[in-house]
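Okay, so here's the structure we're looking at.
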Amino acid sequence: MNFLTYYHLKLTNINVNYTEKTILTSFGKTHIIVCGNSSKPPLFLIHGLNSGAPFALDRVLFLAKTHQIFAIDILGQPNKSDFIRLNKKENVYGEWLLEIINYFAFKNISLCGISFGAFPILKSLFIEENNVKEVFLISPAGLINGKLIKTIFKFVLPMKRFQKTKNKKYLIECLDQLYDNYDKETFMYLKEVFLHFNIDFSMIPNFKRKDLARLQTPITIIASKKDFFVPAEKLKKRSKKSFTSLKRFIVLQNSKHVADTTTLKTAFKGLD
């Protein structure tokens, strides 16, 4: 579990005061990083697959100026929550997230999901959305599929070559396709994840249009034009046809799947 070394290093190097909390849910122990001013509105942040809360927090740390952030480690991923994988075809991801939200007993919360982090958020909204003021989804999974051939050549093959040879040039090739930029901690963390973690390759089922259409919570979606996992134009068409509560759809013209922090900060400034 050497990836936890870089998990902690990343968290230590983030320029913010934080506390850590672990709560027991019906699905397993869940670790949460809390930062920001407790007098500000609460925002629950959820990272993507094969990642952890510090890496999502680093991308949107600017939100700590306007919110108290609760960055959640997803179960079954390379982080500090229990290694228990939930069934993506059932409602359990939504039930899990609602247990966490209800534990803190806040009113009028905001939710922010990055990549797969959008999946438990939408699952939870299908069950209960009355207490949610607004949702932000960044390169969200569960709405469309990118082209398989691009995913294979840009991600799967270089990752497999790295796992086989341990040659860092293949890891760099893989990450350069996903990230606008990344630091040493992210690189070393993913190196350990790719080599020593049981990576989750199970398919993420796309939500049905009729389910998305009944949501009433205002939703903002931020997509990246150079994202082959979640192509922006395809996502825009699906979102506008599916969400009746879509508040804004923003396209980052020069970004990849994991957008640069400065670019995201500029996008969120436009939401004021």
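Chain labels run A, B, ... following the order of the structure tokens; each chain numbers its residues from 1, and ligands are numbered from 1 in the order shown.
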| request: Would you please give, as number ranges by chain, all residues of stretch 30-182 of chain A that DSSP assigns to helix (DSSP H, G or I) based on the backbone? | output: A: 53-59, 61-65, 92-104, 115-127, 148-165, 168-178
| request: Compile the contact shell of A:Pro78 as number ranges by chain: residues with an atom at most 9 Å away, counting only C-alpha atoms, same-chain residues fewer than 2 positions apart removed. | output: A: 1, 3-4, 7, 49-52, 73-76, 80-81, 83, 193, 197-199
| request: Point out the residue among A:Val16, A:His31, A:Leu97, A:Asn2 with the least atom-to-atom distance to A:Leu63, counting only C-alpha atoms. | output: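 Result for the nearest residue to A:Leu63: A:Val16.
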| said: I'd like to know which of A:Lys123, A:Lys247, A:Lys241, A:Lys265 is closest to A:Gly94, using only C-alpha atoms. | reply: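 For A:Gly94, the nearest of the candidates is A:Lys123.
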| field | Shell around A:Phe207 at 8 Å using only C-alpha atoms, local window under 4 positions removed, as number ranges by chain | value | A: 142-143, 211-212
Output file for the selection above: N, CA, C and O atoms, as a PDB file, in the first residue's frame:
```pdb
ATOM      1  N   GLY A 142     -20.984   8.285 -16.305  1.00  0.00           N
ATOM      2  CA  GLY A 142     -22.339   7.786 -16.145  1.00  0.00           C
ATOM      3  C   GLY A 142     -23.364   8.421 -17.067  1.00  0.00           C
ATOM      4  O   GLY A 142     -24.555   8.142 -16.958  1.00  0.00           O
ATOM      5  N   LEU A 143     -22.897   9.283 -17.981  1.00  0.00           N
ATOM      6  CA  LEU A 143     -23.829   9.951 -18.896  1.00  0.00           C
ATOM      7  C   LEU A 143     -23.615   9.530 -20.342  1.00  0.00           C
ATOM      8  O   LEU A 143     -24.570   9.350 -21.096  1.00  0.00           O
ATOM      9  N   ASP A 211     -34.751   9.083 -15.869  1.00  0.00           N
ATOM     10  CA  ASP A 211     -34.343   9.299 -14.479  1.00  0.00           C
ATOM     11  C   ASP A 211     -33.688  10.664 -14.311  1.00  0.00           C
ATOM     12  O   ASP A 211     -33.947  11.385 -13.337  1.00  0.00           O
ATOM     13  N   LEU A 212     -32.833  11.031 -15.256  1.00  0.00           N
ATOM     14  CA  LEU A 212     -32.171  12.333 -15.194  1.00  0.00           C
ATOM     15  C   LEU A 212     -33.182  13.470 -15.328  1.00  0.00           C
ATOM     16  O   LEU A 212     -33.037  14.520 -14.703  1.00  0.00           O
TER      17      LEU A 212
END
```
| message | With only C-alpha atoms as the counted atoms, please give the residues lying no more than 7 Å from stretch 256-258 of chain A, apart from itself and same-chain residues fewer than 3 positions off, as an NGL selection string. | response | :A and (139 or 178-180 or 224-227 or 229)
| request: Based on DSSP run over this structure's backbone, return all residues of stretch 4-190 of chain A in strand (DSSP E or B), as an NGL selection string. | output: :A and (18-25 or 28-35 or 42-46 or 68-72 or 109-114 or 132-138 or 179)
Generate a file of the selected residues that holds C-alpha atoms, formatted as a short mmCIF file (atom, residue, chain, number, x, y, z; two decimals), in the first residue's frame.
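And here is the file that came out, again.cif:
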```cif
data_model
loop_
_atom_site.label_atom_id
_atom_site.label_comp_id
_atom_site.auth_asym_id
_atom_site.auth_seq_id
_atom_site.Cartn_x
_atom_site.Cartn_y
_atom_site.Cartn_z
CA TYR A 18 -7.66 20.40 7.46
CA THR A 19 -8.97 17.74 9.78
CA GLU A 20 -9.59 14.08 9.04
CA LYS A 21 -12.65 12.13 10.05
CA THR A 22 -13.68 8.50 9.59
CA ILE A 23 -17.33 7.54 9.89
CA LEU A 24 -18.89 4.11 9.89
CA THR A 25 -21.54 3.66 7.19
CA GLY A 28 -17.90 0.37 5.31
CA LYS A 29 -15.68 2.90 7.07
CA THR A 30 -15.40 6.08 5.04
CA HIS A 31 -12.59 8.60 5.41
CA ILE A 32 -13.26 12.32 4.91
CA ILE A 33 -10.99 15.36 4.74
CA VAL A 34 -12.62 18.52 6.10
CA CYS A 35 -11.26 21.98 5.29
CA PRO A 42 -21.02 22.95 3.15
CA LEU A 43 -19.83 21.31 -0.08
CA PHE A 44 -19.25 17.56 -0.42
CA LEU A 45 -16.50 16.70 -2.92
CA ILE A 46 -16.08 13.26 -4.51
CA GLN A 68 -16.50 24.28 4.01
CA ILE A 69 -15.37 21.27 1.98
CA PHE A 70 -15.92 17.63 2.91
CA ALA A 71 -13.70 15.62 0.53
CA ILE A 72 -14.79 12.00 0.64
CA ILE A 109 -25.65 21.53 0.79
CA SER A 110 -23.73 21.63 -2.50
CA LEU A 111 -22.25 18.57 -4.19
CA CYS A 112 -19.24 18.44 -6.52
CA GLY A 113 -18.19 15.30 -8.36
CA ILE A 114 -15.13 14.83 -10.57
CA VAL A 132 -29.29 19.74 -2.01
CA LYS A 133 -29.01 23.36 -3.14
CA GLU A 134 -26.78 22.86 -6.19
CA VAL A 135 -24.62 20.29 -7.96
CA PHE A 136 -21.38 20.71 -9.91
CA LEU A 137 -20.22 17.86 -12.15
CA ILE A 138 -16.76 17.99 -13.74
CA TYR A 179 -4.05 15.54 -17.34
#
```
| request: Using atom CA of A:Ile101 and atom CA of A:Asn131 as the two end points, give the distance in Å to one decimal. | output: 9.4 Å
| Nearest to A:Leu252: which of A:Leu264, A:Ile149, A:Tyr93, A:Ile219 is it, counting only C-alpha atoms? |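 Checking each of A:Leu264, A:Ile149, A:Tyr93, A:Ile219 against A:Leu252, counting only C-alpha atoms, the winner is A:Leu264.
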| task | Within 9 Å of A:Glu173, counting only C-alpha atoms, which residues show up once you throw out same-chain ones fewer than 6 positions away? Write them as a list in words, please. | result | Lys154, Phe155, Pro158 and Met159 of chain A
| task | Go through A:Pro140, A:Ser26, A:Ile222, A:Ala213 and flag the residue nearest A:Ser115, using only C-alpha atoms for the distances. | result |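 Selected residue with least distance to A:Ser115: A:Pro140.
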| message | Under the rule that only C-alpha atoms are counted, which of A:Asp176, A:Glu233, A:Glu90, A:Glu99 is the nearest residue to A:Pro205? | response |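 Going through A:Asp176, A:Glu233, A:Glu90, A:Glu99 one by one, the smallest distance to A:Pro205 is for A:Glu90.
Between atom CA of A:Arg214 and atom CA of A:Glu128 the separation is 11.7 Å.
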| Distance in Å - atom CA of A:Lys191 versus atom CA of A:Leu171 |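 Separation between atom CA of A:Lys191 and atom CA of A:Leu171: 7.3 Å.
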| task | Please provide the set of residues having any atom within 10 Å of A:Leu9, restricted to only C-alpha atoms, with same-chain residues fewer than 6 positions apart removed, written as a PyMOL selection string. | result | chain A and resi 3+54+185-186+189
| message | What's around stretch 58-62 of chain A at 8 Å? Count only C-alpha atoms, leave out sequence neighbours fewer than 3 positions away in its own chain, and write the answer as a ChimeraX atom specification. | response | /A:14,54-55,65-66,259-261,264-265
Any chance you can output those residues with all heavy atoms as a CSV table (one decimal), in the first residue's frame?
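The resulting file, again-v6.csv, is reproduced below:
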```
chain,number,residue,atom,x,y,z
A,14,ILE,N,-0.8,20.2,0.4
A,14,ILE,CA,-1.9,21.1,0.0
A,14,ILE,C,-1.9,22.3,1.0
A,14,ILE,O,-1.9,22.1,2.2
A,14,ILE,CB,-3.2,20.4,0.0
A,14,ILE,CG1,-3.3,19.4,-1.1
A,14,ILE,CG2,-4.4,21.4,-0.2
A,14,ILE,CD1,-4.6,18.5,-1.2
A,54,PRO,N,-7.4,13.8,-1.6
A,54,PRO,CA,-6.5,14.9,-1.7
A,54,PRO,C,-6.3,15.4,-3.1
A,54,PRO,O,-6.0,16.5,-3.4
A,54,PRO,CB,-5.2,14.3,-1.1
A,54,PRO,CG,-5.6,13.2,-0.2
A,54,PRO,CD,-6.8,12.6,-0.9
A,55,PHE,N,-6.4,14.4,-4.1
A,55,PHE,CA,-6.1,14.8,-5.5
A,55,PHE,C,-7.3,15.6,-6.1
A,55,PHE,O,-7.1,16.4,-6.9
A,55,PHE,CB,-5.8,13.5,-6.3
A,55,PHE,CG,-4.6,12.8,-5.7
A,55,PHE,CD1,-4.7,11.8,-4.8
A,55,PHE,CD2,-3.3,13.2,-6.1
A,55,PHE,CE1,-3.7,11.1,-4.3
A,55,PHE,CE2,-2.2,12.5,-5.5
A,55,PHE,CZ,-2.4,11.5,-4.6
A,65,LYS,N,-12.5,28.9,-0.1
A,65,LYS,CA,-12.7,30.3,0.3
A,65,LYS,C,-14.2,30.6,0.4
A,65,LYS,O,-14.6,31.5,1.2
A,65,LYS,CB,-12.1,31.2,-0.8
A,65,LYS,CG,-10.6,31.1,-0.8
A,65,LYS,CD,-10.0,32.1,-1.8
A,65,LYS,CE,-8.5,32.1,-1.8
A,65,LYS,NZ,-7.9,33.0,-2.8
A,66,THR,N,-15.0,29.8,-0.3
A,66,THR,CA,-16.5,30.1,-0.2
A,66,THR,C,-17.3,29.0,0.4
A,66,THR,O,-18.5,29.1,0.6
A,66,THR,CB,-17.0,30.3,-1.7
A,66,THR,OG1,-16.6,29.2,-2.5
A,66,THR,CG2,-16.4,31.6,-2.3
A,259,ALA,N,-8.8,18.6,-15.7
A,259,ALA,CA,-8.4,20.0,-16.1
A,259,ALA,C,-7.5,20.6,-15.1
A,259,ALA,O,-7.4,20.3,-13.9
A,259,ALA,CB,-9.7,20.8,-16.2
A,260,ASP,N,-6.8,21.6,-15.6
A,260,ASP,CA,-5.9,22.4,-14.8
A,260,ASP,C,-6.6,23.2,-13.7
A,260,ASP,O,-7.7,23.7,-14.0
A,260,ASP,CB,-5.1,23.4,-15.7
A,260,ASP,CG,-4.3,24.4,-15.0
A,260,ASP,OD1,-3.2,24.0,-14.5
A,260,ASP,OD2,-4.7,25.6,-14.9
A,261,THR,N,-6.0,23.4,-12.6
A,261,THR,CA,-6.7,24.1,-11.4
A,261,THR,C,-7.0,25.5,-11.8
A,261,THR,O,-8.1,26.0,-11.5
A,261,THR,CB,-5.8,24.1,-10.2
A,261,THR,OG1,-5.5,22.7,-9.9
A,261,THR,CG2,-6.4,24.8,-9.1
A,264,LEU,N,-10.1,25.6,-14.0
A,264,LEU,CA,-11.3,25.3,-13.3
A,264,LEU,C,-11.7,26.5,-12.4
A,264,LEU,O,-12.9,26.9,-12.3
A,264,LEU,CB,-11.1,24.1,-12.4
A,264,LEU,CG,-11.1,22.7,-13.1
A,264,LEU,CD1,-10.7,21.6,-12.1
A,264,LEU,CD2,-12.5,22.4,-13.7
A,265,LYS,N,-10.7,27.2,-11.8
A,265,LYS,CA,-11.0,28.3,-11.0
A,265,LYS,C,-11.6,29.4,-11.8
A,265,LYS,O,-12.6,30.1,-11.4
A,265,LYS,CB,-9.7,28.9,-10.4
A,265,LYS,CG,-9.9,30.0,-9.4
A,265,LYS,CD,-8.5,30.4,-8.8
A,265,LYS,CE,-8.8,31.6,-7.8
A,265,LYS,NZ,-7.5,31.9,-7.1
```
